[in-house]
$ cat work-v9.cif   # mmCIF, C-alpha atoms (C1' of nucleotides)
data_run
#
loop_
_atom_site.label_atom_id
_atom_site.label_comp_id
_atom_site.auth_asym_id
_atom_site.auth_seq_id
_atom_site.Cartn_x
_atom_site.Cartn_y
_atom_site.Cartn_z
CA MET A 1 57.08 51.06 130.13
CA LYS A 2 59.71 50.19 132.60
CA ILE A 3 60.95 51.37 135.94
CA SER A 4 64.02 53.57 136.05
CA ALA A 5 67.24 52.95 137.92
CA HIS A 6 66.25 55.65 140.38
CA GLU A 7 63.07 53.83 141.19
CA GLU A 8 64.54 50.40 141.55
CA TYR A 9 67.60 51.33 143.58
CA GLY A 10 65.75 53.85 145.69
CA LEU A 11 63.19 51.25 146.56
CA ARG A 12 65.91 48.78 147.44
CA CYS A 13 67.58 51.22 149.80
CA LEU A 14 64.27 51.76 151.51
CA VAL A 15 63.85 48.04 151.97
CA GLN A 16 67.21 47.96 153.71
CA LEU A 17 66.01 50.66 156.09
CA ALA A 18 62.80 48.77 156.65
CA ARG A 19 64.80 45.71 157.64
CA ALA A 20 66.79 47.76 160.13
CA GLU A 21 63.64 49.32 161.48
CA ALA A 22 63.06 46.62 164.08
CA ASP A 23 66.39 47.40 165.75
CA GLY A 24 65.63 51.12 165.82
CA GLU A 25 69.15 51.55 164.54
CA PHE A 26 70.52 54.04 162.04
CA LEU A 27 72.04 52.68 158.85
CA ARG A 28 75.13 54.38 157.52
CA LEU A 29 75.50 55.21 153.86
CA ASN A 30 78.28 52.68 153.41
CA GLN A 31 76.18 49.94 154.89
CA ILE A 32 73.31 50.63 152.55
CA ALA A 33 75.59 50.87 149.54
CA ASP A 34 77.39 47.64 150.39
CA ARG A 35 74.22 45.67 150.89
CA GLU A 36 72.76 46.75 147.55
CA GLY A 37 76.01 46.59 145.65
CA LEU A 38 76.10 50.18 144.52
CA SER A 39 78.65 52.93 145.07
CA PRO A 40 78.37 55.11 148.18
CA ALA A 41 78.19 58.19 145.96
CA ASN A 42 75.25 56.83 144.06
CA ALA A 43 73.45 55.60 147.13
CA GLY A 44 74.04 58.99 148.73
CA LYS A 45 72.25 60.74 145.93
CA LEU A 46 69.31 58.39 146.17
CA MET A 47 69.09 58.78 149.92
CA TRP A 48 69.18 62.54 149.65
CA ILE A 49 66.14 62.47 147.38
CA LEU A 50 64.29 60.36 149.92
CA VAL A 51 65.35 62.62 152.77
CA LYS A 52 64.25 65.74 150.92
CA ALA A 53 60.87 64.13 150.33
CA GLY A 54 60.48 63.41 154.03
CA LEU A 55 60.39 59.67 153.64
CA VAL A 56 63.55 59.01 155.63
CA GLN A 57 65.34 60.93 158.36
CA SER A 58 69.06 61.48 158.49
CA GLN A 59 71.46 62.13 161.31
CA ARG A 60 74.83 63.69 160.69
CA GLY A 61 78.05 63.24 162.59
CA ALA A 62 79.45 60.24 164.36
CA ASN A 63 76.94 57.47 164.94
CA GLY A 64 74.80 59.11 162.31
CA GLY A 65 72.94 57.47 159.48
CA TYR A 66 69.52 57.05 157.98
CA THR A 67 66.25 55.72 159.30
CA LEU A 68 62.67 55.62 158.11
CA ALA A 69 60.61 58.68 159.00
CA ARG A 70 57.53 56.50 159.42
CA PRO A 71 56.91 52.81 160.19
CA ALA A 72 57.48 50.64 157.13
CA SER A 73 53.92 49.42 157.37
CA GLU A 74 52.68 52.93 156.68
CA ILE A 75 54.76 53.56 153.59
CA ARG A 76 53.07 52.52 150.37
CA LEU A 77 54.99 51.91 147.20
CA ASN A 78 53.00 54.36 145.10
CA GLU A 79 54.35 57.17 147.26
CA VAL A 80 57.88 55.87 146.93
CA ILE A 81 57.70 55.59 143.16
CA ARG A 82 56.12 58.99 142.82
CA ILE A 83 58.92 60.59 144.81
CA LEU A 84 61.65 58.83 142.87
CA ASP A 85 59.99 59.77 139.61
CA GLU A 86 59.59 63.43 140.38
CA ASP A 87 63.23 64.16 139.77
CA THR A 88 63.05 63.17 136.15
CA VAL A 89 59.45 64.10 135.50
CA ASP A 90 59.66 67.64 136.78
CA ARG A 91 61.64 68.78 133.80
CA PHE A 92 59.09 67.40 131.39
CA CYS A 93 55.94 68.83 132.88
CA LYS A 94 56.69 71.78 135.10
CA SER A 95 53.20 72.05 136.50
CA HIS A 96 51.95 68.54 136.94
CA THR A 97 48.47 69.12 138.19
CA GLY A 98 47.01 65.99 139.65
CA VAL A 99 48.39 62.97 137.83
CA LEU A 100 49.89 64.30 134.63
CA ASP A 101 46.98 65.61 132.64
CA ALA A 102 48.92 68.44 131.12
CA CYS A 103 52.06 66.52 130.25
CA ILE A 104 50.75 64.78 127.18
CA HIS A 105 50.85 67.03 124.18
CA THR A 106 47.34 68.03 123.34
CA SER A 107 46.08 65.85 120.57
CA ASP A 108 42.72 64.79 119.29
CA CYS A 109 43.47 61.09 119.22
CA GLY A 110 42.53 58.65 121.95
CA ILE A 111 45.99 57.98 123.24
CA ARG A 112 46.14 60.44 126.08
CA PRO A 113 43.63 58.57 128.26
CA VAL A 114 45.58 55.39 127.66
CA ILE A 115 48.73 56.87 129.06
CA VAL A 116 46.99 58.56 131.96
CA GLY A 117 44.88 55.51 132.68
CA LEU A 118 47.88 53.24 132.60
CA HIS A 119 49.58 55.34 135.22
CA GLU A 120 46.48 55.19 137.36
CA ILE A 121 46.40 51.42 137.16
CA VAL A 122 50.02 51.16 138.14
CA GLN A 123 49.58 53.62 141.00
CA ASN A 124 46.60 51.72 142.31
CA ALA A 125 48.46 48.45 142.23
CA LEU A 126 51.42 49.99 144.04
CA ALA A 127 49.12 51.51 146.64
CA GLU A 128 48.25 47.98 147.73
CA ILE A 129 51.78 47.18 148.83
CA THR A 130 53.66 48.56 151.81
CA LEU A 131 57.36 48.57 152.48
CA ALA A 132 56.83 46.19 155.37
CA GLU A 133 55.47 43.59 153.00
CA LEU A 134 58.68 43.58 151.02
CA ILE A 135 60.96 42.39 153.77
CA GLY A 136 59.42 38.93 153.81
CA SER A 137 60.37 36.06 151.55
CA GLU A 138 60.07 36.29 147.81
CA GLU A 139 57.26 33.76 147.85
CA ASN A 140 55.12 35.90 150.10
CA VAL A 141 55.63 39.02 148.05
CA ASP A 142 54.91 37.13 144.88
CA ALA A 143 51.69 35.79 146.36
CA ARG A 144 50.68 39.27 147.41
CA LEU A 145 51.26 40.58 143.91
CA HIS A 146 49.19 37.86 142.31
CA GLN A 147 46.46 38.46 144.84
CA ILE A 148 46.24 42.03 143.62
CA GLN A 149 46.50 40.97 140.04
CA LYS A 150 43.76 38.40 140.38
CA LEU A 151 41.21 41.15 140.84
CA GLN A 152 41.95 42.01 137.28
CA SER A 153 41.92 38.59 135.68
CA PRO A 154 38.24 37.67 135.10
CA LEU A 155 38.18 39.56 131.82
CA ARG A 156 41.24 37.78 130.59
CA VAL A 157 39.94 34.34 131.43
CA MET A 158 36.75 35.03 129.53
CA ARG A 159 38.61 36.20 126.49
CA SER A 160 41.29 33.56 126.40
CA ALA A 161 38.61 31.02 125.57
CA ASN A 162 38.62 32.02 121.91
CA MET B 1 57.67 53.97 135.60
CA LYS B 2 56.86 55.77 132.41
CA ILE B 3 56.45 55.02 128.77
CA SER B 4 59.28 55.87 126.42
CA ALA B 5 59.18 58.06 123.34
CA HIS B 6 59.39 54.95 121.21
CA GLU B 7 56.30 53.53 122.81
CA GLU B 8 54.19 56.64 122.67
CA TYR B 9 55.03 57.71 119.13
CA GLY B 10 54.96 54.18 117.77
CA LEU B 11 51.52 53.70 119.24
CA ARG B 12 50.35 56.96 117.72
CA CYS B 13 51.54 55.99 114.28
CA LEU B 14 49.65 52.74 114.60
CA VAL B 15 46.49 54.62 115.48
CA GLN B 16 46.87 56.63 112.28
CA LEU B 17 47.06 53.40 110.33
CA ALA B 18 44.05 52.06 112.16
CA ARG B 19 42.11 55.14 111.11
CA ALA B 20 43.07 54.59 107.49
CA GLU B 21 42.19 50.94 107.73
CA ALA B 22 38.58 51.45 106.73
CA ASP B 23 39.62 52.91 103.39
CA GLY B 24 41.97 50.04 102.73
CA GLU B 25 44.45 52.67 101.67
CA PHE B 26 48.17 52.83 102.23
CA LEU B 27 49.52 55.70 104.28
CA ARG B 28 52.75 57.28 103.15
CA LEU B 29 55.50 58.07 105.61
CA ASN B 30 55.05 61.79 105.13
CA GLN B 31 51.37 61.57 105.87
CA ILE B 32 51.97 59.71 109.11
CA ALA B 33 54.72 62.08 110.16
CA ASP B 34 52.66 65.18 109.40
CA ARG B 35 49.63 63.96 111.31
CA GLU B 36 51.65 63.18 114.42
CA GLY B 37 53.91 66.19 114.19
CA LEU B 38 57.19 64.34 114.02
CA SER B 39 59.92 64.29 111.41
CA PRO B 40 59.68 61.83 108.54
CA ALA B 41 63.07 60.42 109.53
CA ASN B 42 61.92 59.67 113.02
CA ALA B 43 58.59 58.24 111.96
CA GLY B 44 60.40 56.11 109.42
CA LYS B 45 62.50 54.49 112.04
CA LEU B 46 59.49 53.77 114.22
CA MET B 47 57.60 52.30 111.31
CA TRP B 48 60.48 50.08 110.42
CA ILE B 49 60.45 48.57 113.89
CA LEU B 50 56.78 47.80 113.48
CA VAL B 51 57.32 46.35 110.02
CA LYS B 52 60.14 44.15 111.24
CA ALA B 53 57.91 42.88 114.01
CA GLY B 54 55.23 41.96 111.49
CA LEU B 55 52.66 44.35 112.87
CA VAL B 56 52.41 46.51 109.74
CA GLN B 57 53.10 45.83 106.09
CA SER B 58 54.99 48.16 103.83
CA GLN B 59 54.92 48.68 100.10
CA ARG B 60 57.82 50.31 98.37
CA GLY B 61 57.87 52.36 95.21
CA ALA B 62 55.35 54.75 93.79
CA ASN B 63 51.93 54.53 95.43
CA GLY B 64 53.59 52.71 98.28
CA GLY B 65 53.10 53.21 102.00
CA TYR B 66 52.17 51.39 105.17
CA THR B 67 49.13 49.46 106.26
CA LEU B 68 48.23 47.28 109.19
CA ALA B 69 49.12 43.62 108.77
CA ARG B 70 46.02 42.61 110.74
CA PRO B 71 42.68 44.24 111.46
CA ALA B 72 42.96 46.88 114.17
CA SER B 73 40.45 44.98 116.27
CA GLU B 74 42.89 42.09 116.52
CA ILE B 75 45.90 44.09 117.63
CA ARG B 76 46.19 44.44 121.39
CA LEU B 77 48.25 47.12 123.03
CA ASN B 78 50.35 44.74 125.09
CA GLU B 79 51.80 43.36 121.88
CA VAL B 80 52.49 46.85 120.58
CA ILE B 81 54.25 47.97 123.72
CA ARG B 82 56.27 44.80 123.93
CA ILE B 83 57.53 45.27 120.39
CA LEU B 84 58.42 48.91 120.89
CA ASP B 85 60.17 48.06 124.16
CA GLU B 86 62.27 45.28 122.76
CA ASP B 87 64.65 47.65 121.06
CA THR B 88 65.76 49.18 124.32
CA VAL B 89 65.30 46.17 126.52
CA ASP B 90 67.35 43.80 124.42
CA ARG B 91 70.54 45.47 125.47
CA PHE B 92 69.71 45.07 129.14
CA CYS B 93 68.68 41.44 129.17
CA LYS B 94 69.98 39.58 126.18
CA SER B 95 68.02 36.45 126.85
CA HIS B 96 64.66 37.55 128.15
CA THR B 97 63.02 34.24 128.85
CA GLY B 98 59.32 34.69 129.34
CA VAL B 99 58.65 38.05 130.85
CA LEU B 100 61.93 39.23 132.23
CA ASP B 101 62.76 36.81 134.99
CA ALA B 102 66.46 36.95 134.35
CA CYS B 103 66.80 40.70 133.93
CA ILE B 104 66.71 41.63 137.57
CA HIS B 105 70.04 41.13 139.20
CA THR B 106 69.80 38.16 141.47
CA SER B 107 69.15 39.36 144.96
CA ASP B 108 67.69 37.91 148.09
CA CYS B 109 65.32 40.77 148.81
CA GLY B 110 61.68 40.80 147.87
CA ILE B 111 61.89 43.41 145.16
CA ARG B 112 62.22 41.21 142.13
CA PRO B 113 58.63 39.93 142.31
CA VAL B 114 57.44 43.50 142.64
CA ILE B 115 59.07 44.52 139.38
CA VAL B 116 58.03 41.40 137.54
CA GLY B 117 54.53 41.56 138.97
CA LEU B 118 54.19 45.19 138.07
CA HIS B 119 55.01 44.43 134.49
CA GLU B 120 52.45 41.65 134.49
CA ILE B 121 49.77 43.99 135.76
CA VAL B 122 50.57 46.54 133.07
CA GLN B 123 50.63 43.90 130.38
CA ASN B 124 47.30 42.52 131.50
CA ALA B 125 45.71 45.94 131.46
CA LEU B 126 47.08 46.62 127.99
CA ALA B 127 45.85 43.27 126.76
CA GLU B 128 42.31 44.50 127.36
CA ILE B 129 42.58 47.25 124.79
CA THR B 130 42.76 46.91 121.03
CA LEU B 131 43.92 49.42 118.47
CA ALA B 132 40.39 49.68 117.12
CA GLU B 133 39.22 50.98 120.48
CA LEU B 134 41.62 53.90 120.29
CA ILE B 135 40.18 55.52 117.19
CA GLY B 136 36.98 56.51 118.97
CA SER B 137 36.49 59.62 121.03
CA GLU B 138 38.56 60.33 124.09
CA GLU B 139 35.54 59.83 126.30
CA ASN B 140 35.01 56.29 125.08
CA VAL B 141 38.63 55.33 125.58
CA ASP B 142 38.61 56.89 129.01
CA ALA B 143 35.51 54.95 129.95
CA ARG B 144 37.09 51.72 128.72
CA LEU B 145 40.17 52.35 130.81
CA HIS B 146 38.18 52.96 133.95
CA GLN B 147 36.13 49.87 133.29
CA ILE B 148 39.32 47.85 133.36
CA GLN B 149 40.54 49.69 136.41
CA LYS B 150 37.34 49.13 138.30
CA LEU B 151 38.05 45.44 138.52
CA GLN B 152 40.86 46.43 140.77
CA SER B 153 39.17 48.87 143.05
CA PRO B 154 37.35 46.85 145.76
CA LEU B 155 40.50 46.55 147.84
CA ARG B 156 41.11 50.24 147.71
CA VAL B 157 37.62 51.13 148.81
CA MET B 158 37.92 48.85 151.82
CA ARG B 159 41.19 50.32 152.86
CA SER B 160 40.34 53.98 152.36
CA ALA B 161 37.89 53.70 155.25
CA ASN B 162 40.65 54.13 157.82
"C1'" DA C 1 88.36 73.29 171.53
"C1'" DG C 2 89.80 70.11 168.25
"C1'" DC C 3 89.31 66.09 165.66
"C1'" DA C 4 87.10 62.24 163.47
"C1'" DT C 5 82.90 60.69 161.49
"C1'" DT C 6 79.09 61.11 158.53
"C1'" DC C 7 75.79 63.33 155.78
"C1'" DC C 8 75.04 67.33 152.25
"C1'" DT C 9 75.72 69.67 147.90
"C1'" DT C 10 77.53 70.89 143.51
"C1'" DA C 11 79.98 69.96 139.41
"C1'" DC C 12 81.72 66.69 136.23
"C1'" DT C 13 82.08 62.24 133.31
"C1'" DT C 14 80.11 58.38 131.20
"C1'" DT C 15 76.44 55.90 129.20
"C1'" DT C 16 72.05 55.49 127.04
"C1'" DT C 17 68.38 57.25 124.43
"C1'" DC C 18 66.45 60.25 121.03
"C1'" DG C 19 66.28 62.39 116.71
"C1'" DT C 20 68.42 63.60 112.06
"C1'" DC C 21 70.83 62.92 107.81
"C1'" DA C 22 72.17 60.85 103.75
"C1'" DA C 23 73.11 57.12 100.89
"C1'" DG C 24 70.95 52.74 99.33
"C1'" DT C 25 67.28 49.78 97.40
"C1'" DA C 26 62.85 48.31 95.76
"C1'" DT C 27 58.60 49.37 93.07
"C1'" DC C 28 55.61 51.49 89.82
"C1'" DC C 29 54.39 54.02 85.68
"C1'" DA C 30 55.08 56.12 81.29
"C1'" DT D 1 63.96 51.10 80.10
"C1'" DG D 2 64.37 55.28 82.51
"C1'" DG D 3 62.93 58.13 86.04
"C1'" DA D 4 60.19 59.30 89.96
"C1'" DT D 5 58.46 57.79 94.25
"C1'" DA D 6 58.97 55.97 98.72
"C1'" DC D 7 60.72 52.75 102.02
"C1'" DT D 8 65.39 50.89 104.25
"C1'" DT D 9 69.48 51.17 106.82
"C1'" DG D 10 73.61 52.53 109.00
"C1'" DA D 11 76.18 56.35 110.94
"C1'" DC D 12 76.31 60.63 113.36
"C1'" DG D 13 75.22 64.42 116.78
"C1'" DA D 14 72.46 66.20 120.55
"C1'" DA D 15 70.00 65.64 124.79
"C1'" DA D 16 68.88 63.27 128.92
"C1'" DA D 17 69.80 59.90 132.52
"C1'" DA D 18 72.96 57.53 135.40
"C1'" DG D 19 76.86 57.39 137.99
"C1'" DT D 20 81.34 59.61 140.10
"C1'" DA D 21 84.18 62.79 142.67
"C1'" DA D 22 85.38 66.26 145.84
"C1'" DG D 23 84.78 69.98 148.97
"C1'" DG D 24 81.51 71.74 152.64
"C1'" DA D 25 78.73 71.45 156.93
"C1'" DA D 26 76.91 69.36 161.03
"C1'" DT D 27 77.40 66.19 164.96
"C1'" DG D 28 79.54 63.61 168.69
"C1'" DC D 29 83.65 62.26 171.28
"C1'" DT D 30 87.79 63.13 173.86
#
$ encode --input "work-v9.cif" --output "structure tokens"
Amino acid sequence: MKISAHEEYGLRCLVQLARAEADGEFLRLNQIADREGLSPANAGKLMWILVKAGLVQSQRGANGGYTLARPASEIRLNEVIRILDEDTVDRFCKSHTGVLDACIHTSDCGIRPVIVGLHEIVQNALAEITLAELIGSEENVDARLHQIQKLQSPLRVMRSAN
Amino acid sequence: MKISAHEEYGLRCLVQLARAEADGEFLRLNQIADREGLSPANAGKLMWILVKAGLVQSQRGANGGYTLARPASEIRLNEVIRILDEDTVDRFCKSHTGVLDACIHTSDCGIRPVIVGLHEIVQNALAEITLAELIGSEENVDARLHQIQKLQSPLRVMRSAN
DNA sequence: AGCATTCCTTACTTTTTCGTCAAGTATCCA
DNA sequence: TGGATACTTGACGAAAAAGTAAGGAATGCT
């Protein structure tokens, strides 16, 4: 259970665009790549995925570049992760109805709901965070995360008393 | 953000052992492999990881096989997933102190806490489920999952009113 | 119109992960 | 003690993911 390179780097590129959002300026591919320390070719592929999904807009030619298609405050991380996943997931489950009910090989054991439920939990947590919240300091983001997480902790506290 | 083949299959093999727990019987490699539809060679490798981690015990020779090292009710899924992850994670972050604070390349953006926090949320959710709870019907497991998830929902309900 | 800039697209290479095989070793039973 | 059973372990090949490279297409400037 870990996030892929696509997800992490794609998200980072989006954060760069969110930072540039205030200026209303376009960010060139080289700028994005430099700031995240990855090759222009690689960043280009990531950006194309995000463009295709309608999350960012691109402008070709001189003075071109990338910019967010919507305000950063209206872009939630669950959407971002879902888009960046699709590339790799599509092959596995061609028709992913809803979440991914059909992906898991049919079996009579109780594992399928675990996998599906786990994804739901992750998606719900990600839905609580917007791109705009990621451009602040690390402390703020961390606090936000633990605020979300705290809604989940009562059970743990009760149990950890044994 | 998805679970790897190691994680899914390893977990399934453990569920098989949990089912056999009541009989106090050992399960041979072939039995496990047959019931989960994977090759004996593959299942063997998974089982060895679990043996090495101390989660299951193995008995060699005639009448040998595998059995859980602890009661299924005392094995939580977060531990299982962590063990099955380690194999692939070790390469990435040699010294994973605590969760995985050092894995993420040092950067000044706010993404690191997102990744770390996300893992914490997943781990906490998994910590609420034991192996014993997975041998019931799918409906029960599903209900258990949504019970855990519900602790997280108030925020979502508030927001979805816009 | 022509040229420079920048994104777009496809194909290829490398790396990592997944699964298989076969030889090795321990245990039990007759 | 000998043989059968069954786990152990390292090496190998295939498949998928990640990253790279190069030619094509659109845009703006002079």
$ resolve_selection --input "work-v9.cif" --expression "the PyMOL selection byres ((chain D and resi 13-20) around 9)" --output "list in words"
Ala5, His6, Ser39, Ala41, Asn42 and Thr88 of chain A; DC12, DT13, DT14, DT15, DT16, DT17, DC18, DG19 and DT20 of chain C; DC12 and DA21 of chain D
$ resolve_selection --input "work-v9.cif" --expression "the PyMOL selection byres ((chain A and resi 142) around 9)" --output "PyMOL selection string"
(chain A and resi 137-141+143-147) or (chain B and resi 110+112-114+117)
$ atom_distance --input "work-v9.cif" --atom1 "atom CA of Leu55 of chain B" --atom2 "atom CA of Asp87 of chain B"
14.9 Å
$ resolve_selection --input "work-v9.cif" --expression "the PyMOL selection byres ((chain A) within 12 of (chain D))" --output "VMD selection string"
chain A and resid 4 to 6 9 38 to 46 58 to 65 87 to 89 91 to 92
$ write_last_selection --input "work-v9.cif" --atoms "C-alpha atoms" --output "JSON list (two decimals), in the frame of the given file"
[["chain", "number", "residue", "atom", "x", "y", "z"],
["A", 4, "SER", "CA", 64.02, 53.57, 136.05],
["A", 5, "ALA", "CA", 67.24, 52.95, 137.92],
["A", 6, "HIS", "CA", 66.25, 55.65, 140.38],
["A", 9, "TYR", "CA", 67.60, 51.33, 143.58],
["A", 38, "LEU", "CA", 76.10, 50.18, 144.52],
["A", 39, "SER", "CA", 78.65, 52.93, 145.07],
["A", 40, "PRO", "CA", 78.37, 55.11, 148.18],
["A", 41, "ALA", "CA", 78.19, 58.19, 145.96],
["A", 42, "ASN", "CA", 75.25, 56.83, 144.06],
["A", 43, "ALA", "CA", 73.45, 55.60, 147.13],
["A", 44, "GLY", "CA", 74.04, 58.99, 148.73],
["A", 45, "LYS", "CA", 72.25, 60.74, 145.93],
["A", 46, "LEU", "CA", 69.31, 58.39, 146.17],
["A", 58, "SER", "CA", 69.06, 61.48, 158.49],
["A", 59, "GLN", "CA", 71.46, 62.13, 161.31],
["A", 60, "ARG", "CA", 74.83, 63.69, 160.69],
["A", 61, "GLY", "CA", 78.05, 63.24, 162.59],
["A", 62, "ALA", "CA", 79.45, 60.24, 164.36],
["A", 63, "ASN", "CA", 76.94, 57.47, 164.94],
["A", 64, "GLY", "CA", 74.80, 59.11, 162.31],
["A", 65, "GLY", "CA", 72.94, 57.47, 159.48],
["A", 87, "ASP", "CA", 63.23, 64.16, 139.77],
["A", 88, "THR", "CA", 63.05, 63.17, 136.15],
["A", 89, "VAL", "CA", 59.45, 64.10, 135.50],
["A", 91, "ARG", "CA", 61.64, 68.78, 133.80],
["A", 92, "PHE", "CA", 59.09, 67.40, 131.39]]
$ atom_distance --input "work-v9.cif" --atom1 "atom CA of Leu131 of chain A" --atom2 "atom CA of Ile75 of chain A"
5.7 Å
$ residues_around --input "work-v9.cif" --residues "Glu74 of chain B" --least-positions-apart "3" --cutoff "9 Å" --atoms "only C-alpha atoms (C1' of nucleotides)" --output "MDAnalysis selection string"
chainID B and resid 70:71 130:132
$ axis_aligned_box --input "work-v9.cif" --around "segment 10-29 of chain C" --padding-each-side "8 Å" --output "AutoDock Vina command-line options"
--center_x 68.2 --center_y 59.6 --center_z 114.6 --size_x 43.7 --size_y 38.6 --size_z 73.8
$ interface_residues --input "work-v9.cif" --of "chain C" --to "chain A" --cutoff "12 Å" --atoms "all atoms listed in the file" --output "PyMOL selection string"
chain C and resi 3-10
$ closest_residue --input "work-v9.cif" --among "A:Ala20, A:Ala33, A:Leu50, A:Ile3" --to "chain B" --atoms "all atoms listed in the file"
A:Ile3
$ atom_distance --input "work-v9.cif" --atom1 "atom CA of Phe26 of chain B" --atom2 "atom C1' of DA26 of chain C"
16.7 Å
$ closest_residue --input "work-v9.cif" --among "A:Ile32, A:Ala22, A:Ile129, A:Ala53" --to "chain B" --atoms "only C-alpha atoms"
A:Ile129
$ closest_residue --input "work-v9.cif" --among "B:Gly136, B:Ile49, B:Leu77, B:Ala72" --to "chain A" --atoms "all atoms listed in the file"
B:Gly136
$ closest_residue --input "work-v9.cif" --among "B:Leu126, B:Lys52, B:Ala18, B:Leu27" --to "chain A" --atoms "only C-alpha atoms"
B:Leu126
$ residues_near_point --input "work-v9.cif" --point "(49.5, 45.8, 108.4)" --cutoff "6 Å" --atoms "only C-alpha atoms (C1' of nucleotides)" --output "ChimeraX atom specification"
/B:55-57,67-70
